[in-house]
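Below is input-v8.txt, holding compact mmCIF, N, CA, C and O atoms.
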# COMPACT_ATOMS: atom_id res chain seq x y z
N SER A 1 -111.59 88.97 -0.83
CA SER A 1 -111.66 90.10 0.06
C SER A 1 -110.52 91.09 -0.19
O SER A 1 -110.59 92.22 0.23
N HIS A 2 -109.46 90.65 -0.87
CA HIS A 2 -108.31 91.52 -1.13
C HIS A 2 -108.38 92.18 -2.50
O HIS A 2 -107.55 93.01 -2.83
N PHE A 3 -109.36 91.79 -3.29
CA PHE A 3 -109.46 92.30 -4.66
C PHE A 3 -110.04 93.71 -4.67
O PHE A 3 -111.05 93.99 -4.04
N ASN A 4 -109.38 94.60 -5.39
CA ASN A 4 -109.85 95.96 -5.58
C ASN A 4 -109.78 96.28 -7.07
O ASN A 4 -108.69 96.25 -7.65
N TYR A 5 -110.93 96.54 -7.67
CA TYR A 5 -110.91 96.92 -9.08
C TYR A 5 -110.26 98.30 -9.15
O TYR A 5 -110.70 99.23 -8.47
N PRO A 6 -109.19 98.46 -9.94
CA PRO A 6 -108.49 99.74 -9.99
C PRO A 6 -109.40 100.89 -10.41
O PRO A 6 -110.14 100.78 -11.39
N LYS A 7 -109.36 101.98 -9.65
CA LYS A 7 -110.21 103.13 -9.95
C LYS A 7 -109.91 103.72 -11.32
O LYS A 7 -110.80 104.16 -12.03
N LYS A 8 -108.63 103.68 -11.69
CA LYS A 8 -108.22 104.20 -13.00
C LYS A 8 -108.85 103.36 -14.13
O LYS A 8 -109.27 103.89 -15.14
N ALA A 9 -108.90 102.03 -13.93
CA ALA A 9 -109.51 101.15 -14.93
C ALA A 9 -111.01 101.37 -14.99
O ALA A 9 -111.61 101.31 -16.07
N THR A 10 -111.64 101.63 -13.86
CA THR A 10 -113.07 101.91 -13.83
C THR A 10 -113.36 103.20 -14.58
O THR A 10 -114.30 103.27 -15.37
N ALA A 11 -112.54 104.22 -14.34
CA ALA A 11 -112.73 105.51 -15.00
C ALA A 11 -112.56 105.41 -16.52
O ALA A 11 -113.25 106.08 -17.28
N GLN A 12 -111.66 104.52 -16.95
CA GLN A 12 -111.41 104.34 -18.38
C GLN A 12 -112.29 103.24 -18.98
O GLN A 12 -112.13 102.90 -20.15
N ASN A 13 -113.15 102.63 -18.16
CA ASN A 13 -114.07 101.57 -18.60
C ASN A 13 -113.31 100.38 -19.21
O ASN A 13 -113.68 99.87 -20.27
N ILE A 14 -112.27 99.93 -18.52
CA ILE A 14 -111.45 98.81 -18.99
C ILE A 14 -111.95 97.51 -18.37
O ILE A 14 -111.96 97.37 -17.15
N SER A 15 -112.39 96.59 -19.19
CA SER A 15 -112.79 95.25 -18.77
C SER A 15 -112.11 94.27 -19.70
O SER A 15 -112.47 94.16 -20.87
N GLU A 16 -111.13 93.56 -19.20
CA GLU A 16 -110.34 92.65 -20.03
C GLU A 16 -109.96 91.40 -19.26
O GLU A 16 -110.19 91.29 -18.06
N ARG A 17 -109.30 90.49 -19.96
CA ARG A 17 -108.80 89.26 -19.38
C ARG A 17 -107.28 89.37 -19.26
O ARG A 17 -106.60 89.75 -20.21
N VAL A 18 -106.76 89.00 -18.09
CA VAL A 18 -105.32 89.01 -17.85
C VAL A 18 -104.88 87.58 -17.55
O VAL A 18 -105.45 86.92 -16.68
N SER A 19 -103.90 87.09 -18.29
CA SER A 19 -103.33 85.76 -18.04
C SER A 19 -102.15 85.91 -17.11
O SER A 19 -101.29 86.77 -17.31
N ILE A 20 -102.08 85.06 -16.10
CA ILE A 20 -101.02 85.11 -15.11
C ILE A 20 -100.29 83.77 -15.10
O ILE A 20 -100.92 82.72 -15.09
N ILE A 21 -98.97 83.84 -15.12
CA ILE A 21 -98.14 82.65 -15.03
C ILE A 21 -97.23 82.85 -13.82
O ILE A 21 -96.61 83.90 -13.68
N PHE A 22 -97.17 81.85 -12.95
CA PHE A 22 -96.30 81.94 -11.77
C PHE A 22 -95.85 80.54 -11.38
O PHE A 22 -96.34 79.53 -11.90
N TYR A 23 -94.89 80.48 -10.48
CA TYR A 23 -94.36 79.21 -9.99
C TYR A 23 -94.62 79.09 -8.50
O TYR A 23 -94.59 80.08 -7.77
N VAL A 24 -94.84 77.85 -8.07
CA VAL A 24 -94.85 77.51 -6.66
C VAL A 24 -93.59 76.69 -6.45
O VAL A 24 -93.42 75.63 -7.05
N ASP A 25 -92.66 77.21 -5.62
CA ASP A 25 -91.37 76.55 -5.44
C ASP A 25 -91.46 75.37 -4.48
O ASP A 25 -92.53 75.02 -3.99
N LYS A 26 -90.31 74.76 -4.20
CA LYS A 26 -90.25 73.56 -3.36
C LYS A 26 -90.73 73.81 -1.93
O LYS A 26 -91.15 72.90 -1.25
N GLU A 27 -90.66 75.07 -1.49
CA GLU A 27 -91.11 75.41 -0.13
C GLU A 27 -92.57 75.86 -0.11
O GLU A 27 -93.11 76.15 0.95
N GLY A 28 -93.21 75.99 -1.27
CA GLY A 28 -94.60 76.41 -1.34
C GLY A 28 -94.80 77.90 -1.52
O GLY A 28 -95.92 78.40 -1.41
N ASN A 29 -93.73 78.63 -1.79
CA ASN A 29 -93.81 80.08 -2.01
C ASN A 29 -94.13 80.40 -3.46
O ASN A 29 -93.66 79.73 -4.37
N VAL A 30 -94.92 81.44 -3.67
CA VAL A 30 -95.27 81.90 -5.02
C VAL A 30 -94.18 82.84 -5.51
O VAL A 30 -93.73 83.71 -4.76
N GLY A 31 -93.76 82.67 -6.76
CA GLY A 31 -92.71 83.54 -7.29
C GLY A 31 -92.73 83.58 -8.81
O GLY A 31 -93.50 82.89 -9.46
N ASN A 32 -91.87 84.41 -9.37
CA ASN A 32 -91.71 84.57 -10.81
C ASN A 32 -93.06 84.84 -11.49
O ASN A 32 -93.44 84.16 -12.43
N ILE A 33 -93.77 85.84 -10.99
CA ILE A 33 -95.09 86.17 -11.50
C ILE A 33 -94.96 86.97 -12.78
O ILE A 33 -94.27 87.98 -12.82
N ARG A 34 -95.60 86.49 -13.84
CA ARG A 34 -95.61 87.19 -15.13
C ARG A 34 -97.06 87.32 -15.59
O ARG A 34 -97.88 86.47 -15.29
N THR A 35 -97.34 88.39 -16.31
CA THR A 35 -98.70 88.62 -16.79
C THR A 35 -98.69 88.93 -18.27
O THR A 35 -97.68 89.35 -18.83
N ARG A 36 -99.85 88.69 -18.86
CA ARG A 36 -100.07 89.07 -20.26
C ARG A 36 -101.50 89.57 -20.36
O ARG A 36 -102.44 88.84 -20.07
N GLY A 37 -101.61 90.83 -20.72
CA GLY A 37 -102.93 91.43 -20.84
C GLY A 37 -102.85 92.74 -21.59
O GLY A 37 -101.77 93.27 -21.82
N PRO A 38 -103.99 93.29 -21.95
CA PRO A 38 -104.02 94.51 -22.74
C PRO A 38 -103.78 95.79 -21.94
O PRO A 38 -103.47 96.81 -22.50
N SER A 39 -103.90 95.72 -20.61
CA SER A 39 -103.81 96.93 -19.80
C SER A 39 -102.82 96.75 -18.65
O SER A 39 -103.01 95.87 -17.81
N PRO A 40 -101.79 97.59 -18.58
CA PRO A 40 -100.85 97.51 -17.45
C PRO A 40 -101.53 97.76 -16.10
O PRO A 40 -101.10 97.22 -15.08
N ILE A 41 -102.60 98.53 -16.09
CA ILE A 41 -103.32 98.80 -14.84
C ILE A 41 -103.88 97.49 -14.27
O ILE A 41 -103.71 97.19 -13.09
N LEU A 42 -104.52 96.69 -15.13
CA LEU A 42 -105.09 95.42 -14.68
C LEU A 42 -104.00 94.38 -14.42
O LEU A 42 -104.14 93.55 -13.51
N GLU A 43 -102.92 94.42 -15.18
CA GLU A 43 -101.81 93.49 -14.95
C GLU A 43 -101.21 93.72 -13.57
O GLU A 43 -100.91 92.76 -12.85
N ASN A 44 -101.04 94.97 -13.17
CA ASN A 44 -100.48 95.28 -11.85
C ASN A 44 -101.39 94.80 -10.73
O ASN A 44 -100.92 94.30 -9.71
N GLU A 45 -102.70 94.92 -10.90
CA GLU A 45 -103.64 94.44 -9.90
C GLU A 45 -103.58 92.91 -9.82
O GLU A 45 -103.63 92.33 -8.73
N ALA A 46 -103.46 92.24 -10.96
CA ALA A 46 -103.36 90.78 -10.97
C ALA A 46 -102.09 90.32 -10.24
O ALA A 46 -102.13 89.37 -9.46
N ILE A 47 -100.97 91.00 -10.46
CA ILE A 47 -99.72 90.66 -9.77
C ILE A 47 -99.90 90.86 -8.27
O ILE A 47 -99.47 90.03 -7.46
N ARG A 48 -100.54 91.95 -7.87
CA ARG A 48 -100.76 92.22 -6.46
C ARG A 48 -101.59 91.12 -5.80
O ARG A 48 -101.27 90.64 -4.72
N ILE A 49 -102.64 90.67 -6.49
CA ILE A 49 -103.51 89.63 -5.95
C ILE A 49 -102.75 88.32 -5.78
O ILE A 49 -102.83 87.67 -4.74
N ILE A 50 -102.01 87.90 -6.81
CA ILE A 50 -101.28 86.63 -6.75
C ILE A 50 -100.18 86.68 -5.70
O ILE A 50 -99.92 85.70 -5.01
N SER A 51 -99.53 87.83 -5.54
CA SER A 51 -98.47 87.94 -4.54
C SER A 51 -99.01 87.83 -3.11
O SER A 51 -98.25 87.55 -2.18
N LEU A 52 -100.31 88.03 -2.92
CA LEU A 52 -100.92 87.90 -1.60
C LEU A 52 -101.31 86.46 -1.24
O LEU A 52 -101.77 86.21 -0.12
N LEU A 53 -101.13 85.53 -2.18
CA LEU A 53 -101.49 84.13 -1.88
C LEU A 53 -100.68 83.62 -0.70
O LEU A 53 -99.50 83.94 -0.55
N PRO A 54 -101.31 82.82 0.16
CA PRO A 54 -100.56 82.25 1.29
C PRO A 54 -99.61 81.16 0.78
O PRO A 54 -99.63 80.78 -0.39
N LYS A 55 -98.80 80.67 1.67
CA LYS A 55 -97.89 79.58 1.34
C LYS A 55 -98.72 78.38 0.89
O LYS A 55 -99.71 78.02 1.54
N LEU A 56 -98.35 77.79 -0.24
CA LEU A 56 -99.10 76.67 -0.82
C LEU A 56 -98.35 75.36 -0.62
O LEU A 56 -97.16 75.35 -0.29
N GLN A 57 -99.04 74.27 -0.87
CA GLN A 57 -98.39 72.96 -0.79
C GLN A 57 -97.64 72.72 -2.10
O GLN A 57 -98.24 72.81 -3.18
N PRO A 58 -96.35 72.43 -2.06
CA PRO A 58 -95.59 72.24 -3.29
C PRO A 58 -95.99 70.95 -4.00
O PRO A 58 -96.55 70.03 -3.39
N GLY A 59 -95.70 70.89 -5.29
CA GLY A 59 -95.95 69.68 -6.05
C GLY A 59 -94.95 68.60 -5.66
O GLY A 59 -93.86 68.90 -5.17
N LEU A 60 -95.32 67.37 -5.87
CA LEU A 60 -94.43 66.25 -5.56
C LEU A 60 -94.15 65.43 -6.81
O LEU A 60 -95.05 65.18 -7.61
N GLN A 61 -92.90 65.03 -6.95
CA GLN A 61 -92.52 64.12 -8.03
C GLN A 61 -91.62 63.06 -7.41
O GLN A 61 -90.57 63.37 -6.84
N ASN A 62 -92.05 61.81 -7.49
CA ASN A 62 -91.35 60.70 -6.86
C ASN A 62 -91.14 60.94 -5.37
O ASN A 62 -90.11 60.61 -4.81
N GLY A 63 -92.12 61.57 -4.72
CA GLY A 63 -92.07 61.80 -3.29
C GLY A 63 -91.26 63.02 -2.86
O GLY A 63 -91.19 63.31 -1.68
N SER A 64 -90.65 63.72 -3.80
CA SER A 64 -89.85 64.90 -3.46
C SER A 64 -90.55 66.16 -3.94
O SER A 64 -91.14 66.18 -5.02
N PRO A 65 -90.49 67.25 -3.16
CA PRO A 65 -91.11 68.50 -3.59
C PRO A 65 -90.38 69.09 -4.81
O PRO A 65 -89.15 69.00 -4.91
N VAL A 66 -91.16 69.63 -5.75
CA VAL A 66 -90.61 70.22 -6.97
C VAL A 66 -91.30 71.55 -7.26
O VAL A 66 -92.40 71.83 -6.79
N LYS A 67 -90.63 72.37 -8.05
CA LYS A 67 -91.15 73.65 -8.50
C LYS A 67 -92.19 73.38 -9.59
O LYS A 67 -91.95 72.62 -10.52
N VAL A 68 -93.38 74.01 -9.47
CA VAL A 68 -94.48 73.75 -10.40
C VAL A 68 -94.99 75.07 -10.99
O VAL A 68 -95.26 76.01 -10.25
N PRO A 69 -95.12 75.14 -12.34
CA PRO A 69 -95.70 76.34 -12.95
C PRO A 69 -97.23 76.29 -12.93
O PRO A 69 -97.82 75.21 -13.05
N TYR A 70 -97.84 77.45 -12.78
CA TYR A 70 -99.29 77.57 -12.83
C TYR A 70 -99.66 78.70 -13.78
O TYR A 70 -98.94 79.70 -13.87
N SER A 71 -100.77 78.55 -14.45
CA SER A 71 -101.30 79.58 -15.33
C SER A 71 -102.77 79.78 -14.99
O SER A 71 -103.54 78.82 -14.99
N ILE A 72 -103.14 81.04 -14.69
CA ILE A 72 -104.51 81.34 -14.30
C ILE A 72 -105.00 82.58 -15.06
O ILE A 72 -104.31 83.58 -15.04
N PRO A 73 -106.15 82.49 -15.70
CA PRO A 73 -106.73 83.70 -16.29
C PRO A 73 -107.60 84.42 -15.25
O PRO A 73 -108.29 83.78 -14.46
N ILE A 74 -107.54 85.73 -15.24
CA ILE A 74 -108.43 86.53 -14.39
C ILE A 74 -109.22 87.46 -15.31
O ILE A 74 -108.63 88.21 -16.10
N ASN A 75 -110.54 87.35 -15.25
CA ASN A 75 -111.40 88.21 -16.04
C ASN A 75 -111.82 89.42 -15.21
O ASN A 75 -112.49 89.26 -14.20
N PHE A 76 -111.42 90.59 -15.66
CA PHE A 76 -111.82 91.82 -15.00
C PHE A 76 -113.04 92.36 -15.77
O PHE A 76 -112.95 92.65 -16.95
N LYS A 77 -114.17 92.40 -15.08
CA LYS A 77 -115.41 92.89 -15.71
C LYS A 77 -116.04 93.95 -14.83
O LYS A 77 -116.10 93.81 -13.63
N LEU A 78 -116.53 94.99 -15.47
CA LEU A 78 -117.23 96.05 -14.75
C LEU A 78 -118.70 95.71 -14.65
O LEU A 78 -119.28 95.04 -15.41
Output the file's structure as structure tokens, nothing else.
Amino acid sequence: SHFNYPKKATAQNISERVSIIFYVDKEGNVGNIRTRGPSPILENEAIRIISLLPKLQPGLQNGSPVKVPYSIPINFKL
């Protein structure tokens, strides 16, 4: 419901895949968001979407919360 295909990308007919790498820290907060994609317009939208994620459950190692990296591809298609 929060996703908005960028109007500039629609006008330029950009449909690409953006890879997103981020961390979920010990408290469950999303941070250190990095992207890799062909278009800065779509990368900025991907960062916006990931930054809107609610607080998540942190990973556990030996019963203690730990910082966990995640990698998610987002396919932008018109």
Hey, what's within 6 Å of segment 30-46 of chain A if we count only N, CA, C and O atoms and toss same-chain stuff fewer than 6 positions away? As a ChimeraX atom specification, please?
-> /A:4,17-24,54
Choose the residue, out of A:Ser1, A:Asn29, A:Glu16, A:Pro73, that has the smallest atom-to-atom separation from Ser51 of chain A; count only C-alpha atoms.
-> A:Asn29
Interatomic distance between atom CA of Tyr5 of chain A and atom CA of Pro69 of chain A?
-> 25.9 Å
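Per DSSP on the backbone, helix (DSSP H, G or I) in chain A comprises Lys7, Lys8, Ala9, Thr10, Ala11, Pro40, Ile41, Leu42, Glu43, Asn44, Glu45, Ala46, Ile47, Arg48, Ile49, Ile50 and Ser51 of chain A.
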Expected answer as JSON, numbers by chain: strand (DSSP E or B) residues in segment 2-75 of chain A = {"A": [17, 18, 19, 20, 21, 22, 23, 24, 30, 31, 32, 33, 34, 35, 36, 59, 60, 61, 64, 65, 66, 68, 69, 70, 71, 72, 73, 74, 75]}
